[in-house]
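K.L.:
Contents of start_35.cif (mmCIF, N, CA and C atoms) are below:
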```
data_entry
loop_
_atom_site.label_atom_id
_atom_site.label_comp_id
_atom_site.auth_asym_id
_atom_site.auth_seq_id
_atom_site.Cartn_x
_atom_site.Cartn_y
_atom_site.Cartn_z
N THR A 1 66.19 -176.54 -33.79
CA THR A 1 67.18 -177.59 -34.04
C THR A 1 68.06 -177.19 -35.22
N ASN A 2 69.23 -177.74 -35.30
CA ASN A 2 70.19 -177.43 -36.35
C ASN A 2 70.22 -178.51 -37.42
N SER A 3 69.15 -179.25 -37.57
CA SER A 3 69.12 -180.32 -38.56
C SER A 3 69.33 -179.75 -39.95
N PHE A 4 69.79 -180.56 -40.85
CA PHE A 4 70.07 -180.13 -42.20
C PHE A 4 69.17 -180.86 -43.17
N THR A 5 69.20 -180.46 -44.41
CA THR A 5 68.21 -180.93 -45.38
C THR A 5 68.24 -182.43 -45.63
N ALA A 6 69.37 -183.09 -45.48
CA ALA A 6 69.42 -184.53 -45.75
C ALA A 6 68.56 -185.31 -44.77
N PHE A 7 68.35 -184.78 -43.58
CA PHE A 7 67.53 -185.44 -42.57
C PHE A 7 66.57 -184.40 -42.01
N GLN A 8 65.64 -183.95 -42.83
CA GLN A 8 64.84 -182.79 -42.51
C GLN A 8 63.65 -183.08 -41.60
N ASP A 9 63.21 -184.31 -41.44
CA ASP A 9 62.03 -184.61 -40.65
C ASP A 9 62.38 -184.61 -39.16
N ASP A 10 62.26 -183.43 -38.53
CA ASP A 10 62.63 -183.28 -37.13
C ASP A 10 61.74 -184.09 -36.18
N SER A 11 60.57 -184.52 -36.62
CA SER A 11 59.71 -185.30 -35.74
C SER A 11 60.32 -186.66 -35.41
N LEU A 12 61.32 -187.08 -36.17
CA LEU A 12 61.98 -188.36 -35.90
C LEU A 12 63.00 -188.26 -34.77
N TYR A 13 63.35 -187.04 -34.37
CA TYR A 13 64.40 -186.85 -33.37
C TYR A 13 63.82 -186.19 -32.13
N TYR A 14 64.26 -186.64 -30.97
CA TYR A 14 63.74 -186.12 -29.72
C TYR A 14 64.72 -185.21 -29.02
N GLU A 15 65.90 -185.04 -29.55
CA GLU A 15 66.88 -184.18 -28.90
C GLU A 15 67.53 -183.27 -29.92
N GLU A 16 68.11 -182.20 -29.42
CA GLU A 16 68.80 -181.24 -30.27
C GLU A 16 70.09 -181.84 -30.81
N ASP A 17 70.58 -181.23 -31.88
CA ASP A 17 71.86 -181.64 -32.42
C ASP A 17 72.98 -181.29 -31.45
N ILE A 18 74.02 -182.08 -31.45
CA ILE A 18 75.22 -181.80 -30.67
C ILE A 18 76.19 -181.14 -31.64
N VAL A 19 76.45 -179.85 -31.43
CA VAL A 19 77.25 -179.08 -32.38
C VAL A 19 78.65 -178.85 -31.81
N PHE A 20 79.66 -179.26 -32.58
CA PHE A 20 81.05 -179.00 -32.24
C PHE A 20 81.57 -178.02 -33.28
N THR A 21 81.89 -176.81 -32.86
CA THR A 21 82.40 -175.80 -33.77
C THR A 21 83.87 -175.58 -33.47
N ILE A 22 84.69 -175.78 -34.48
CA ILE A 22 86.14 -175.60 -34.35
C ILE A 22 86.45 -174.17 -34.74
N CYS A 23 87.38 -173.53 -34.04
CA CYS A 23 87.75 -172.14 -34.33
C CYS A 23 88.23 -172.00 -35.77
N PRO A 24 87.83 -170.94 -36.46
CA PRO A 24 88.22 -170.73 -37.85
C PRO A 24 89.74 -170.68 -38.03
N GLY A 25 90.20 -171.29 -39.11
CA GLY A 25 91.61 -171.23 -39.47
C GLY A 25 92.55 -172.13 -38.69
N VAL A 26 92.03 -173.00 -37.86
CA VAL A 26 92.86 -173.87 -37.02
C VAL A 26 93.27 -175.12 -37.80
N THR A 27 94.48 -175.62 -37.55
CA THR A 27 94.92 -176.91 -38.08
C THR A 27 95.00 -177.89 -36.92
N LEU A 28 94.22 -178.96 -37.01
CA LEU A 28 94.22 -180.00 -35.97
C LEU A 28 95.15 -181.13 -36.39
N ARG A 29 95.97 -181.57 -35.45
CA ARG A 29 96.86 -182.71 -35.70
C ARG A 29 96.64 -183.70 -34.56
N ALA A 30 96.51 -184.96 -34.91
CA ALA A 30 96.29 -186.00 -33.90
C ALA A 30 97.55 -186.82 -33.71
N ARG A 31 97.68 -187.38 -32.54
CA ARG A 31 98.83 -188.23 -32.25
C ARG A 31 98.49 -189.70 -32.35
N LYS A 32 97.26 -190.05 -31.98
CA LYS A 32 96.86 -191.46 -31.99
C LYS A 32 95.47 -191.62 -32.56
N GLY A 33 95.37 -192.32 -33.66
CA GLY A 33 94.08 -192.74 -34.20
C GLY A 33 93.17 -191.62 -34.66
N PRO A 34 92.07 -192.03 -35.32
CA PRO A 34 91.11 -191.07 -35.85
C PRO A 34 90.16 -190.56 -34.78
N ILE A 35 89.42 -189.52 -35.13
CA ILE A 35 88.31 -189.07 -34.30
C ILE A 35 87.16 -190.03 -34.57
N MET A 36 86.65 -190.67 -33.52
CA MET A 36 85.57 -191.65 -33.66
C MET A 36 84.24 -190.97 -33.38
N ILE A 37 83.31 -191.06 -34.33
CA ILE A 37 81.97 -190.53 -34.14
C ILE A 37 81.02 -191.72 -34.09
N ASN A 38 80.35 -191.87 -32.95
CA ASN A 38 79.44 -193.00 -32.76
C ASN A 38 78.23 -192.55 -31.95
N SER A 39 77.66 -191.40 -32.33
CA SER A 39 76.51 -190.84 -31.64
C SER A 39 75.59 -190.19 -32.67
N GLU A 40 74.34 -190.02 -32.30
CA GLU A 40 73.35 -189.43 -33.19
C GLU A 40 73.37 -187.91 -33.12
N ASN A 41 72.91 -187.29 -34.22
CA ASN A 41 72.66 -185.84 -34.26
C ASN A 41 73.90 -185.01 -33.95
N VAL A 42 75.01 -185.34 -34.58
CA VAL A 42 76.27 -184.63 -34.37
C VAL A 42 76.55 -183.73 -35.57
N VAL A 43 76.92 -182.47 -35.28
CA VAL A 43 77.37 -181.54 -36.31
C VAL A 43 78.79 -181.14 -35.94
N LEU A 44 79.72 -181.37 -36.86
CA LEU A 44 81.13 -180.98 -36.70
C LEU A 44 81.39 -179.95 -37.79
N GLU A 45 81.66 -178.69 -37.38
CA GLU A 45 81.77 -177.65 -38.38
C GLU A 45 82.91 -176.69 -38.11
N CYS A 46 83.35 -176.05 -39.19
CA CYS A 46 84.41 -175.07 -39.09
C CYS A 46 84.50 -174.31 -40.40
N GLU A 47 85.03 -173.12 -40.34
CA GLU A 47 85.28 -172.35 -41.55
C GLU A 47 86.78 -172.20 -41.70
N GLY A 48 87.32 -172.85 -42.73
CA GLY A 48 88.74 -172.73 -43.01
C GLY A 48 89.64 -173.57 -42.13
N CYS A 49 89.13 -174.63 -41.51
CA CYS A 49 89.94 -175.50 -40.67
C CYS A 49 90.54 -176.64 -41.48
N VAL A 50 91.63 -177.18 -40.96
CA VAL A 50 92.30 -178.31 -41.60
C VAL A 50 92.49 -179.39 -40.56
N ILE A 51 92.16 -180.63 -40.92
CA ILE A 51 92.54 -181.78 -40.10
C ILE A 51 93.67 -182.47 -40.86
N ASP A 52 94.85 -182.46 -40.27
CA ASP A 52 96.08 -182.95 -40.90
C ASP A 52 96.62 -184.08 -40.03
N VAL A 53 96.32 -185.31 -40.43
CA VAL A 53 96.64 -186.48 -39.61
C VAL A 53 97.32 -187.53 -40.48
N GLY A 54 98.24 -188.27 -39.91
CA GLY A 54 98.96 -189.28 -40.66
C GLY A 54 98.20 -190.56 -40.93
N GLY A 55 97.09 -190.81 -40.28
CA GLY A 55 96.32 -192.04 -40.49
C GLY A 55 94.97 -191.73 -41.08
N THR A 56 93.91 -192.20 -40.43
CA THR A 56 92.54 -191.91 -40.83
C THR A 56 92.05 -190.69 -40.04
N HIS A 57 91.29 -189.80 -40.68
CA HIS A 57 90.79 -188.61 -40.00
C HIS A 57 89.58 -188.90 -39.12
N LEU A 58 88.53 -189.48 -39.71
CA LEU A 58 87.29 -189.74 -38.99
C LEU A 58 86.85 -191.18 -39.20
N ALA A 59 86.41 -191.82 -38.13
CA ALA A 59 85.84 -193.17 -38.20
C ALA A 59 84.41 -193.08 -37.67
N PHE A 60 83.50 -193.82 -38.28
CA PHE A 60 82.08 -193.75 -37.93
C PHE A 60 81.59 -195.10 -37.45
N GLY A 61 80.91 -195.11 -36.29
CA GLY A 61 80.34 -196.32 -35.73
C GLY A 61 78.88 -196.49 -36.13
N SER A 62 78.28 -197.57 -35.69
CA SER A 62 76.90 -197.90 -36.07
C SER A 62 75.87 -196.93 -35.51
N ASN A 63 76.18 -196.20 -34.45
CA ASN A 63 75.25 -195.23 -33.86
C ASN A 63 75.40 -193.83 -34.45
N ALA A 64 76.29 -193.66 -35.40
CA ALA A 64 76.53 -192.35 -36.02
C ALA A 64 75.45 -192.07 -37.05
N LYS A 65 74.32 -191.56 -36.59
CA LYS A 65 73.19 -191.27 -37.46
C LYS A 65 72.91 -189.77 -37.44
N ASN A 66 72.50 -189.22 -38.59
CA ASN A 66 72.22 -187.79 -38.70
C ASN A 66 73.47 -186.97 -38.34
N VAL A 67 74.61 -187.35 -38.92
CA VAL A 67 75.87 -186.65 -38.69
C VAL A 67 76.14 -185.72 -39.87
N LEU A 68 76.53 -184.49 -39.56
CA LEU A 68 76.89 -183.51 -40.58
C LEU A 68 78.30 -182.99 -40.28
N VAL A 69 79.17 -183.06 -41.28
CA VAL A 69 80.51 -182.49 -41.19
C VAL A 69 80.56 -181.40 -42.24
N ARG A 70 80.92 -180.16 -41.80
CA ARG A 70 80.79 -179.03 -42.71
C ARG A 70 82.03 -178.12 -42.65
N GLY A 71 82.56 -177.76 -43.85
CA GLY A 71 83.57 -176.72 -43.97
C GLY A 71 84.98 -177.10 -43.55
N ILE A 72 85.33 -178.37 -43.59
CA ILE A 72 86.64 -178.82 -43.12
C ILE A 72 87.47 -179.33 -44.29
N THR A 73 88.77 -179.03 -44.28
CA THR A 73 89.71 -179.59 -45.24
C THR A 73 90.43 -180.75 -44.57
N PHE A 74 90.42 -181.90 -45.22
CA PHE A 74 91.09 -183.10 -44.72
C PHE A 74 92.37 -183.30 -45.53
N ARG A 75 93.51 -183.38 -44.84
CA ARG A 75 94.79 -183.42 -45.54
C ARG A 75 95.71 -184.49 -44.96
N SER A 76 96.46 -185.14 -45.86
CA SER A 76 97.59 -186.01 -45.53
C SER A 76 97.25 -187.31 -44.80
N ALA A 77 96.07 -187.86 -45.04
CA ALA A 77 95.77 -189.18 -44.46
C ALA A 77 96.62 -190.23 -45.18
N SER A 78 97.26 -191.11 -44.42
CA SER A 78 98.10 -192.14 -45.03
C SER A 78 97.30 -193.38 -45.40
N SER A 79 96.06 -193.44 -44.98
CA SER A 79 95.13 -194.49 -45.40
C SER A 79 93.85 -193.75 -45.83
N SER A 80 92.70 -194.33 -45.70
CA SER A 80 91.47 -193.63 -46.07
C SER A 80 91.18 -192.52 -45.06
N SER A 81 90.78 -191.36 -45.55
CA SER A 81 90.46 -190.24 -44.69
C SER A 81 89.26 -190.56 -43.79
N LEU A 82 88.26 -191.22 -44.35
CA LEU A 82 87.02 -191.57 -43.63
C LEU A 82 86.82 -193.07 -43.68
N THR A 83 86.45 -193.68 -42.56
CA THR A 83 86.15 -195.11 -42.58
C THR A 83 84.77 -195.38 -42.01
N PHE A 84 84.07 -196.28 -42.68
CA PHE A 84 82.73 -196.72 -42.29
C PHE A 84 82.77 -198.25 -42.27
N PHE A 85 83.17 -198.83 -41.15
CA PHE A 85 83.32 -200.28 -41.05
C PHE A 85 82.16 -200.97 -40.35
N GLN A 86 81.27 -200.18 -39.72
CA GLN A 86 80.13 -200.77 -39.02
C GLN A 86 78.85 -200.36 -39.73
N ASN A 87 77.90 -201.27 -39.81
CA ASN A 87 76.64 -201.03 -40.50
C ASN A 87 75.82 -199.94 -39.81
N GLY A 88 75.12 -199.15 -40.60
CA GLY A 88 74.11 -198.24 -40.06
C GLY A 88 74.48 -196.78 -39.94
N ALA A 89 75.71 -196.39 -40.21
CA ALA A 89 76.07 -194.97 -40.09
C ALA A 89 75.37 -194.16 -41.18
N GLN A 90 75.05 -192.91 -40.85
CA GLN A 90 74.44 -191.97 -41.79
C GLN A 90 75.16 -190.65 -41.63
N ALA A 91 75.99 -190.28 -42.61
CA ALA A 91 76.79 -189.06 -42.51
C ALA A 91 76.73 -188.27 -43.80
N SER A 92 76.74 -186.95 -43.66
CA SER A 92 76.78 -186.05 -44.80
C SER A 92 77.94 -185.08 -44.63
N PHE A 93 78.54 -184.73 -45.75
CA PHE A 93 79.67 -183.79 -45.78
C PHE A 93 79.29 -182.64 -46.69
N GLU A 94 79.40 -181.40 -46.17
CA GLU A 94 79.07 -180.21 -46.94
C GLU A 94 80.29 -179.29 -46.99
N ASP A 95 80.60 -178.79 -48.17
CA ASP A 95 81.65 -177.78 -48.34
C ASP A 95 82.98 -178.23 -47.75
N CYS A 96 83.30 -179.50 -47.87
CA CYS A 96 84.56 -180.04 -47.38
C CYS A 96 85.51 -180.29 -48.56
N SER A 97 86.80 -180.42 -48.27
CA SER A 97 87.75 -180.76 -49.33
C SER A 97 88.78 -181.73 -48.81
N TRP A 98 89.32 -182.52 -49.74
CA TRP A 98 90.34 -183.52 -49.44
C TRP A 98 91.55 -183.23 -50.32
N ILE A 99 92.71 -183.04 -49.66
CA ILE A 99 93.93 -182.67 -50.36
C ILE A 99 95.06 -183.61 -49.95
N ASP A 100 95.75 -184.17 -50.92
CA ASP A 100 96.96 -184.96 -50.68
C ASP A 100 96.74 -186.11 -49.70
N ASN A 101 95.64 -186.83 -49.86
CA ASN A 101 95.39 -188.01 -49.04
C ASN A 101 95.82 -189.24 -49.82
N HIS A 102 96.08 -190.33 -49.13
CA HIS A 102 96.65 -191.52 -49.74
C HIS A 102 95.79 -192.74 -49.45
N GLY A 103 95.43 -193.47 -50.46
CA GLY A 103 94.81 -194.77 -50.25
C GLY A 103 95.92 -195.80 -50.01
N PHE A 104 95.62 -196.88 -49.34
CA PHE A 104 96.63 -197.88 -49.03
C PHE A 104 96.62 -198.98 -50.09
N ASN A 105 97.74 -199.21 -50.75
CA ASN A 105 97.90 -200.25 -51.78
C ASN A 105 96.90 -200.14 -52.92
N ASN A 106 96.33 -198.97 -53.12
CA ASN A 106 95.32 -198.72 -54.14
C ASN A 106 94.10 -199.62 -53.98
N LYS A 107 93.91 -200.20 -52.81
CA LYS A 107 92.73 -201.02 -52.54
C LYS A 107 91.67 -200.22 -51.79
N PHE A 108 92.10 -199.27 -51.01
CA PHE A 108 91.18 -198.50 -50.17
C PHE A 108 91.20 -197.05 -50.62
N GLY A 109 90.03 -196.44 -50.76
CA GLY A 109 89.93 -195.07 -51.26
C GLY A 109 90.64 -194.06 -50.39
N SER A 110 91.21 -193.05 -51.02
CA SER A 110 91.92 -192.03 -50.27
C SER A 110 90.97 -191.14 -49.48
N VAL A 111 89.73 -190.99 -49.94
CA VAL A 111 88.75 -190.18 -49.22
C VAL A 111 87.91 -191.04 -48.28
N ALA A 112 87.28 -192.10 -48.78
CA ALA A 112 86.40 -192.90 -47.93
C ALA A 112 86.53 -194.39 -48.25
N ASP A 113 86.52 -195.18 -47.20
CA ASP A 113 86.48 -196.64 -47.31
C ASP A 113 85.19 -197.08 -46.63
N ILE A 114 84.24 -197.53 -47.43
CA ILE A 114 82.93 -197.93 -46.92
C ILE A 114 82.83 -199.44 -47.01
N ASN A 115 82.96 -200.11 -45.89
CA ASN A 115 82.89 -201.56 -45.82
C ASN A 115 81.72 -201.93 -44.90
N SER A 116 80.53 -201.40 -45.24
CA SER A 116 79.35 -201.60 -44.40
C SER A 116 78.12 -201.15 -45.19
N THR A 117 76.97 -201.27 -44.56
CA THR A 117 75.74 -200.74 -45.16
C THR A 117 75.47 -199.38 -44.53
N SER A 118 76.29 -198.42 -44.84
CA SER A 118 76.16 -197.05 -44.34
C SER A 118 75.74 -196.13 -45.48
N VAL A 119 75.18 -194.97 -45.13
CA VAL A 119 74.77 -193.97 -46.10
C VAL A 119 75.69 -192.76 -45.95
N VAL A 120 76.36 -192.39 -47.04
CA VAL A 120 77.30 -191.27 -47.01
C VAL A 120 76.96 -190.33 -48.17
N ASN A 121 76.80 -189.05 -47.86
CA ASN A 121 76.46 -188.04 -48.87
C ASN A 121 77.54 -186.96 -48.90
N PHE A 122 77.83 -186.47 -50.11
CA PHE A 122 78.79 -185.39 -50.29
C PHE A 122 78.09 -184.26 -51.04
N TYR A 123 78.09 -183.05 -50.45
CA TYR A 123 77.46 -181.88 -51.06
C TYR A 123 78.50 -180.76 -51.21
N ARG A 124 78.70 -180.27 -52.43
CA ARG A 124 79.62 -179.17 -52.71
C ARG A 124 81.02 -179.43 -52.15
N CYS A 125 81.51 -180.65 -52.26
CA CYS A 125 82.83 -181.02 -51.76
C CYS A 125 83.83 -181.08 -52.91
N GLU A 126 85.10 -180.85 -52.60
CA GLU A 126 86.18 -180.93 -53.58
C GLU A 126 87.12 -182.06 -53.19
N ILE A 127 87.43 -182.90 -54.16
CA ILE A 127 88.31 -184.04 -53.90
C ILE A 127 89.51 -183.94 -54.82
N GLY A 128 90.69 -183.72 -54.23
CA GLY A 128 91.93 -183.64 -54.99
C GLY A 128 92.51 -185.03 -55.19
N LEU A 129 93.50 -185.12 -56.07
CA LEU A 129 94.15 -186.40 -56.31
C LEU A 129 95.01 -186.80 -55.11
N GLY A 130 95.01 -188.08 -54.79
CA GLY A 130 95.89 -188.62 -53.77
C GLY A 130 96.98 -189.43 -54.43
N THR A 131 97.81 -190.05 -53.62
CA THR A 131 98.84 -190.95 -54.15
C THR A 131 98.65 -192.32 -53.53
N LYS A 132 99.41 -193.28 -54.03
CA LYS A 132 99.29 -194.65 -53.54
C LYS A 132 100.33 -194.90 -52.46
N ASN A 133 99.90 -195.42 -51.33
CA ASN A 133 100.83 -195.83 -50.29
C ASN A 133 101.00 -197.34 -50.35
N TYR A 134 102.22 -197.78 -50.51
CA TYR A 134 102.53 -199.19 -50.52
C TYR A 134 103.42 -199.49 -49.33
N PHE A 135 103.37 -200.71 -48.85
CA PHE A 135 104.27 -201.11 -47.78
C PHE A 135 105.69 -200.86 -48.24
N GLY A 136 106.40 -200.01 -47.56
CA GLY A 136 107.77 -199.70 -47.93
C GLY A 136 107.93 -198.42 -48.71
N GLY A 137 106.84 -197.68 -48.97
CA GLY A 137 107.02 -196.42 -49.67
C GLY A 137 105.78 -195.93 -50.37
N THR A 138 105.96 -194.85 -51.11
CA THR A 138 104.87 -194.23 -51.86
C THR A 138 105.19 -194.30 -53.34
N ALA A 139 104.21 -194.64 -54.14
CA ALA A 139 104.41 -194.72 -55.59
C ALA A 139 103.82 -193.48 -56.25
N THR A 140 104.25 -193.22 -57.46
CA THR A 140 103.68 -192.09 -58.19
C THR A 140 102.36 -192.52 -58.81
N GLY A 141 101.58 -191.54 -59.22
CA GLY A 141 100.28 -191.81 -59.81
C GLY A 141 99.18 -191.52 -58.81
N SER A 142 97.96 -191.56 -59.28
CA SER A 142 96.84 -191.25 -58.40
C SER A 142 96.13 -192.54 -57.97
N THR A 143 95.38 -192.42 -56.90
CA THR A 143 94.63 -193.54 -56.36
C THR A 143 93.15 -193.24 -56.46
N SER A 144 92.31 -194.24 -56.25
CA SER A 144 90.86 -194.00 -56.26
C SER A 144 90.48 -193.20 -55.03
N SER A 145 89.40 -192.46 -55.14
CA SER A 145 88.95 -191.64 -54.02
C SER A 145 88.04 -192.40 -53.07
N LEU A 146 87.23 -193.32 -53.60
CA LEU A 146 86.28 -194.05 -52.79
C LEU A 146 86.47 -195.55 -52.98
N SER A 147 86.30 -196.30 -51.91
CA SER A 147 86.25 -197.75 -52.05
C SER A 147 84.99 -198.23 -51.32
N ILE A 148 84.22 -199.05 -52.01
CA ILE A 148 83.01 -199.63 -51.44
C ILE A 148 83.19 -201.12 -51.50
N ARG A 149 83.28 -201.75 -50.33
CA ARG A 149 83.57 -203.18 -50.26
C ARG A 149 82.43 -203.90 -49.58
N THR A 150 82.32 -205.18 -49.85
CA THR A 150 81.28 -205.99 -49.20
C THR A 150 81.92 -207.02 -48.30
#
```
Could you quickly redo this structure as structure tokens?

P.N.:
Amino acid sequence: TNSFTAFQDDSLYYEEDIVFTICPGVTLRARKGPIMINSENVVLECEGCVIDVGGTHLAFGSNAKNVLVRGITFRSASSSSLTFFQNGAQASFEDCSWIDNHGFNNKFGSVADINSTSVVNFYRCEIGLGTKNYFGGTATGSTSSLSIRT
């Protein structure tokens, strides 16, 4: 199995990880909405890839358990790069970076907006400064990287 250290007890899982490997050096651009992950034992990995999307990059549902995202650069999100709006998600990010992402109205983090009882881990990740997106334009200055709401 391809399990990683954050969820090392393989006896809890009855199936292999579902591994999605993106070709090295590729830039992914989406036209509509984020990539939704709502399944267990998912590994999304790449070496030197960029996800460059105008909205949110990844959204996580309640069934997103034992998820690993590795080696991806997230760029130019106009709202939070990652959203966790449903309870129960468990995701880890390794060797990822966030560049030039924007929180909305400085209320929602430019990297992650966690509005649920989810578990999110960051290992060896780099988080660059984002800017503030306001209705009607962009303001100067930096925004928060994470927002945790109840």

K.L.:
When you look at Gly71 in chain A with a cut-off of 8 Å (counting only N, CA and C atoms), what residues show up, excluding the ones that are within fewer than 2 positions of it in the same chain? I need them as a ChimeraX atom specification.

P.N.:
/A:44-50,68-69,73-74,93-97

K.L.:
Record the distance separating CA of Asp17 in chain A and CA of Phe122 in chain A, expressed in Å with one decimal.

P.N.:
19.5 Å

K.L.:
Record the distance separating CA of Ala30 in chain A and CA of Asp52 in chain A, expressed in Å with one decimal.

P.N.:
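Computed distance, CA of Ala30 in chain A to CA of Asp52 in chain A, equals 7.6 Å.
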
K.L.:
May I ask for the distance between CA of Lys32 in chain A and CA of Ala112 in chain A, given in Å to one decimal place?

P.N.:
19.1 Å

K.L.:
Using only C-alpha atoms, which residues sit within 12 Å of Thr56 in chain A once same-chain residues fewer than 5 positions away are excluded, as a PyMOL selection string?

P.N.:
chain A and resi 29-36+51+74-84+101-104+108-113

K.L.:
Give the answer as one residue: which of A:Ala89, A:Cys23, A:Leu28, A:Ile99 has the shortest atom-to-atom distance to Asn115 in chain A, using only C-alpha atoms?

P.N.:
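Between A:Ala89, A:Cys23, A:Leu28, A:Ile99, the residue approaching Asn115 in chain A most closely is A:Ala89.
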
K.L.:
Using only N, CA and C atoms, find the one residue out of A:Thr117, A:Asn41, A:Asn66, A:Thr27 that sits nearest to Ser92 in chain A.

P.N.:
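Checking each candidate against Ser92 in chain A, we get A:Asn66 as the closest.
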
K.L.:
I'd like the contact shell of Lys65 in chain A - 6 Å cut-off, all atoms listed in the file, skipping same-chain residues fewer than 5 positions apart - returned as a list in words.

P.N.:
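Listing them by chain and then by number gives Ser39, Glu40, Asn41, Val42, Ala89, Gln90 and Ala91 of chain A.
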
K.L.:
Calculated over only N, CA and C atoms, which of the candidates A:Val43, A:Cys125, A:Gly25, A:Phe85 has the smallest distance to Ala59 in chain A?

P.N.:
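Of the candidates, the smallest distance to Ala59 in chain A is held by A:Phe85.
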
K.L.:
Which one of A:Ser118, A:Glu16, A:Trp98, A:Ile22 sits closest to Ser62 in chain A if you count only C-alpha atoms?

P.N.:
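Residue with the minimum atom-to-atom distance to Ser62 in chain A: A:Ser118.
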
K.L.:
Taking only C-alpha atoms into account, name the residue in A:Phe60, A:Val67, A:Ile127, A:Ser116 that is nearest to Val19 in chain A.

P.N.:
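Nearest to Val19 in chain A: A:Val67.
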
K.L.:
Restricting the calculation to only C-alpha atoms: of A:Gly88, A:Asn63, A:Asp100, A:Ile72, which residue gets closest to Gly128 in chain A?

P.N.:
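So, comparing all the options, the nearest one is A:Asp100.
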
K.L.:
Output range 87-101 of chain A with N, CA, C and O atoms present, as a compact mmCIF listing (two decimals), in the coordinates of the input.

P.N.:
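selection_13.txt, written as the output of this step:
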```txt
# COMPACT_ATOMS: atom_id res chain seq x y z
N ASN A 87 77.90 -201.27 -39.81
CA ASN A 87 76.64 -201.03 -40.50
C ASN A 87 75.82 -199.94 -39.81
O ASN A 87 75.83 -199.84 -38.58
N GLY A 88 75.12 -199.15 -40.60
CA GLY A 88 74.11 -198.24 -40.06
C GLY A 88 74.48 -196.78 -39.94
O GLY A 88 73.62 -195.97 -39.60
N ALA A 89 75.71 -196.39 -40.21
CA ALA A 89 76.07 -194.97 -40.09
C ALA A 89 75.37 -194.16 -41.18
O ALA A 89 75.11 -194.66 -42.27
N GLN A 90 75.05 -192.91 -40.85
CA GLN A 90 74.44 -191.97 -41.79
C GLN A 90 75.16 -190.65 -41.63
O GLN A 90 75.00 -189.97 -40.61
N ALA A 91 75.99 -190.28 -42.61
CA ALA A 91 76.79 -189.06 -42.51
C ALA A 91 76.73 -188.27 -43.80
O ALA A 91 76.69 -188.83 -44.89
N SER A 92 76.74 -186.95 -43.66
CA SER A 92 76.78 -186.05 -44.80
C SER A 92 77.94 -185.08 -44.63
O SER A 92 78.26 -184.66 -43.51
N PHE A 93 78.54 -184.73 -45.75
CA PHE A 93 79.67 -183.79 -45.78
C PHE A 93 79.29 -182.64 -46.69
O PHE A 93 78.87 -182.86 -47.83
N GLU A 94 79.40 -181.40 -46.17
CA GLU A 94 79.07 -180.21 -46.94
C GLU A 94 80.29 -179.29 -46.99
O GLU A 94 80.93 -179.05 -45.95
N ASP A 95 80.60 -178.79 -48.17
CA ASP A 95 81.65 -177.78 -48.34
C ASP A 95 82.98 -178.23 -47.75
O ASP A 95 83.72 -177.42 -47.19
N CYS A 96 83.30 -179.50 -47.87
CA CYS A 96 84.56 -180.04 -47.38
C CYS A 96 85.51 -180.29 -48.56
O CYS A 96 85.07 -180.35 -49.71
N SER A 97 86.80 -180.42 -48.27
CA SER A 97 87.75 -180.76 -49.33
C SER A 97 88.78 -181.73 -48.81
O SER A 97 89.06 -181.80 -47.61
N TRP A 98 89.32 -182.52 -49.74
CA TRP A 98 90.34 -183.52 -49.44
C TRP A 98 91.55 -183.23 -50.32
O TRP A 98 91.44 -183.16 -51.53
N ILE A 99 92.71 -183.04 -49.66
CA ILE A 99 93.93 -182.67 -50.36
C ILE A 99 95.06 -183.61 -49.95
O ILE A 99 95.28 -183.82 -48.75
N ASP A 100 95.75 -184.17 -50.92
CA ASP A 100 96.96 -184.96 -50.68
C ASP A 100 96.74 -186.11 -49.70
O ASP A 100 97.53 -186.33 -48.79
N ASN A 101 95.64 -186.83 -49.86
CA ASN A 101 95.39 -188.01 -49.04
C ASN A 101 95.82 -189.24 -49.82
O ASN A 101 95.92 -189.22 -51.04
```
